[in-house]
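What follows is a short report on a single structure.
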Amino acid sequence: MLIEGRHFLPGADPESLGHKALAVNLSDLAAMGAAPRWVMLALALPAADERWLAGFAQGFFALAERYGVDLVGGDTTRGPLLTICVTALGEVPSGVALYRAGARPGDDIWVSGELGGAALALARPELAAVAARLHRPEPRVELGERLRGLARAAIDVSDGLAGDLGHILERSQVGAVVEYGRIPRPAAFEKFREIERDCVLSGGDDYELLFTAAQPQRHEIEALGLELKIALTRIGAIQSNASAGAAKLVVLDAAGKPVAHRGGFDHFASG
């Protein structure tokens with residue numbers, strides 16, 4: 001569910017909003033290794049604005065067509081705030097779905113793409129270099145499907161690296177050590193070091209895939225990234241609860257010292 005003023009600003013571009021409303025749901029399916037098939041859409045609108053609806057539909061259905069997704073139902077009603085609710089359904093072969101509970105001590109921790117760009121775009125709306133990361137995220141659908149049999153646990157980074165990795169750690173009952181210097185981030189942070197760490201560790205809305213895999217899978221995962229032309233970066237390792245210490249997630253700086261971090265946000269947005 002996306003609510004005006006909470007997940008997007010009033011006056012947001014309707015085409016980009018249509019794209020994002022579907023993209024964030026396809027990202028959830030990708031995080032489970034599922035192929036998207038169908039979608040339902042419900043809208044609450046303050047008024048019937050044909051121009052807005054045309055733009056929204058263009059962004060929504062262009063992405064749906066790319067992935068062969070059919071709109072099969074939904075609802076519309078009048079409401080005080082523009083509210084968008086999408087339910088996406090997909091298919092995955094029995095026994096190979098990716099869950100949050102599959103991480104094991106010794107697993108590598110991987111992330112696709114770059115992190116922190118969407119949070120930087122929210123903090124600095126004038127930066128065209130990262131604006132698309134916030135307004136038009138790219139769901140990693142094909143990557144998610146190809147990770148079947150390779151990854152042990154996965155999640156999409158919607159609420160921030162620290163928060164979303166924390167979900168995997170909690171469900172898998174393990175800890176983790178992440179090297180901050182390994183985390184891929186946009187070059188635009190070179191001019192905004194003062195907010196970089198919060199954006200990279202706790203900023204949401206990146207919708208990249210965060211996953212764990214056994215060490216023998218490294219070569220195959222690296223080859224998959226090259227094939228799909230998606231950067232896949234190994235940023236740390238899963239630990240047993242005992243070896244991870246009191247904190248389930250430990251983030252280390254270049255000197256090997258722990259970095260303070262906070263949990264993620266509910267779609268790092270206004271409000």
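Residue numbering restarts at 1 in every chain; chains get A, B, ... in the order shown in the structure tokens, and ligands count up from 1 in that same order.
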Per-residue nearest contacts stretch 95-170 of chain A to stretch 56-74 of chain A, cut-off 12 Å, using only C-alpha atoms, as a tab-separated table:
```
residue	atom	partner	partner_atom	distance
A:His135	CA	A:Gly59	CA	11.2
A:Arg136	CA	A:Gly59	CA	9.5
A:Pro137	CA	A:Leu63	CA	11.0
A:Glu138	CA	A:Leu63	CA	9.6
A:Pro139	CA	A:Leu63	CA	9.8
A:Arg140	CA	A:Tyr67	CA	11.0
A:Val141	CA	A:Tyr67	CA	8.3
A:Glu142	CA	A:Tyr67	CA	9.4
```
Writing out the chosen residues with N, CA, C and O atoms as a short mmCIF file (atom, residue, chain, number, x, y, z; two decimals), in the first residue's frame:
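As a result, part_9.cif now contains:
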```
data_model
loop_
_atom_site.label_atom_id
_atom_site.label_comp_id
_atom_site.auth_asym_id
_atom_site.auth_seq_id
_atom_site.Cartn_x
_atom_site.Cartn_y
_atom_site.Cartn_z
N HIS A 135 12.27 7.11 -7.65
CA HIS A 135 10.98 7.22 -8.33
C HIS A 135 10.68 6.08 -9.31
O HIS A 135 9.51 5.80 -9.58
N ARG A 136 11.72 5.43 -9.83
CA ARG A 136 11.50 4.36 -10.81
C ARG A 136 12.42 3.17 -10.51
O ARG A 136 13.31 2.84 -11.29
N PRO A 137 12.24 2.53 -9.35
CA PRO A 137 13.10 1.40 -9.00
C PRO A 137 12.92 0.25 -9.99
O PRO A 137 11.86 0.08 -10.59
N GLU A 138 13.98 -0.52 -10.18
CA GLU A 138 13.96 -1.65 -11.11
C GLU A 138 13.87 -2.95 -10.34
O GLU A 138 14.81 -3.33 -9.65
N PRO A 139 12.74 -3.65 -10.41
CA PRO A 139 12.63 -4.93 -9.68
C PRO A 139 13.56 -5.96 -10.30
O PRO A 139 13.64 -6.09 -11.52
N ARG A 140 14.26 -6.72 -9.47
CA ARG A 140 15.25 -7.69 -9.95
C ARG A 140 14.58 -9.05 -10.20
O ARG A 140 14.95 -10.07 -9.63
N VAL A 141 13.60 -9.04 -11.09
CA VAL A 141 12.78 -10.22 -11.33
C VAL A 141 13.60 -11.39 -11.85
O VAL A 141 13.56 -12.50 -11.31
N GLU A 142 14.36 -11.17 -12.92
CA GLU A 142 15.12 -12.27 -13.51
C GLU A 142 16.19 -12.77 -12.54
O GLU A 142 16.42 -13.99 -12.43
#
```
Secondary structure check, strand (DSSP E) residues of stretch 26-255 of chain A, as JSON, numbers by chain: {"A": [35, 36, 37, 38, 39, 40, 41, 42, 43, 44, 45, 70, 71, 72, 73, 74, 75, 76, 77, 78, 83, 84, 85, 86, 87, 88, 89, 90, 91, 108, 109, 110, 111, 112, 153, 154, 155, 156, 175, 176, 177, 178, 179, 209, 210, 211, 212, 213, 232, 233, 234, 235, 236, 237, 238, 239, 249, 250, 251, 252]}
List every residue of stretch 22-260 of chain A that DSSP, applied to the backbone, labels as helix (DSSP H, G or I), and write the result as a ChimeraX atom specification. /A:22-30,50-66,100-102,117-123,128-135,141-146,161-172,180-182,187-191,193-202,215-228
Using only C-alpha atoms, which residues sit within 10 Å of A:Gly166 once same-chain residues fewer than 2 positions away are excluded, as a ChimeraX atom specification? /A:100,160-164,168-172,174-176,248-249,263-264
List every residue of stretch 27-54 of chain A that has an atom at most 10 Å from any atom of stretch 190-213 of chain A, giving for each one its closest atom pair and the distance in Å to one decimal, counting only C-alpha atoms, sorted by chain and then by ascending residue number, as a tab-separated table.
```
residue	atom	partner	partner_atom	distance
A:Ser27	CA	A:Tyr207	CA	6.4
A:Asp28	CA	A:Tyr207	CA	8.6
A:Ala30	CA	A:Leu209	CA	8.0
A:Ala31	CA	A:Leu209	CA	6.4
A:Met32	CA	A:Leu209	CA	9.9
```
Limited to N, CA and C atoms, could you put the picked residues into a file as a tab-separated table (two decimals), in the first residue's frame?
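File written: again.tsv
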```
chain	number	residue	atom	x	y	z
A	27	SER	N	9.16	-6.70	-6.81
A	27	SER	CA	10.39	-6.90	-6.05
A	27	SER	C	10.18	-7.91	-4.93
A	28	ASP	N	9.01	-7.87	-4.27
A	28	ASP	CA	8.71	-8.85	-3.23
A	28	ASP	C	8.69	-10.27	-3.79
A	30	ALA	N	10.31	-11.24	-6.52
A	30	ALA	CA	11.69	-11.57	-6.90
A	30	ALA	C	12.49	-12.07	-5.70
A	31	ALA	N	12.23	-11.49	-4.53
A	31	ALA	CA	12.96	-11.88	-3.33
A	31	ALA	C	12.65	-13.30	-2.90
A	32	MET	N	11.59	-13.89	-3.44
A	32	MET	CA	11.26	-15.29	-3.14
A	32	MET	C	11.56	-16.21	-4.32
```
Smallest atom-to-atom distance to A:Asn241: which of A:Leu224, A:Asp156, A:Pro105, A:Ala151, using only C-alpha atoms? A:Pro105
With distances taken over only C-alpha atoms, which of A:Leu29, A:Val259, A:Ala254, A:Val24 is nearest to A:Leu134? A:Val24
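Nearest-residue note for A:His7: choosing from A:Asp107, A:Thr83, A:Leu150, A:Ala47, the minimum distance belongs to A:Thr83, counting only C-alpha atoms.
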Measuring atom to atom with only C-alpha atoms, identify which of A:Ile230, A:Val86, A:Val251, A:Ala131 is nearest to A:Ser16. A:Ala131
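Counting only C-alpha atoms, the residue from A:Ala42, A:Val111, A:Ala132, A:Ala187 that sits nearest to A:Ala154 is A:Val111.
If you count only C-alpha atoms and ignore residues fewer than 3 places along the chain from A:Val178, what sits within 8 Å of it is Ile109, Ile235, Gly236, Ala237, Leu249, Val250, Val251 and Leu252 of chain A.
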Okay, now the selection with C-alpha atoms, as a short mmCIF file (atom, residue, chain, number, x, y, z; two decimals), in the first residue's frame?
```
data_model
loop_
_atom_site.label_atom_id
_atom_site.label_comp_id
_atom_site.auth_asym_id
_atom_site.auth_seq_id
_atom_site.Cartn_x
_atom_site.Cartn_y
_atom_site.Cartn_z
CA ILE A 109 26.08 -12.09 2.16
CA ILE A 235 29.57 -7.59 1.57
CA GLY A 236 29.97 -9.91 4.55
CA ALA A 237 29.27 -13.27 6.11
CA LEU A 249 24.44 -7.54 13.02
CA VAL A 250 27.93 -6.09 13.29
CA VAL A 251 29.07 -3.55 10.68
CA LEU A 252 32.83 -2.92 10.55
#
```
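Compared by their closest atoms to A:Ala231, and using only C-alpha atoms, the residues A:Ala188, A:Ala12, A:Leu143, A:Leu165 rank with A:Leu143 nearest.
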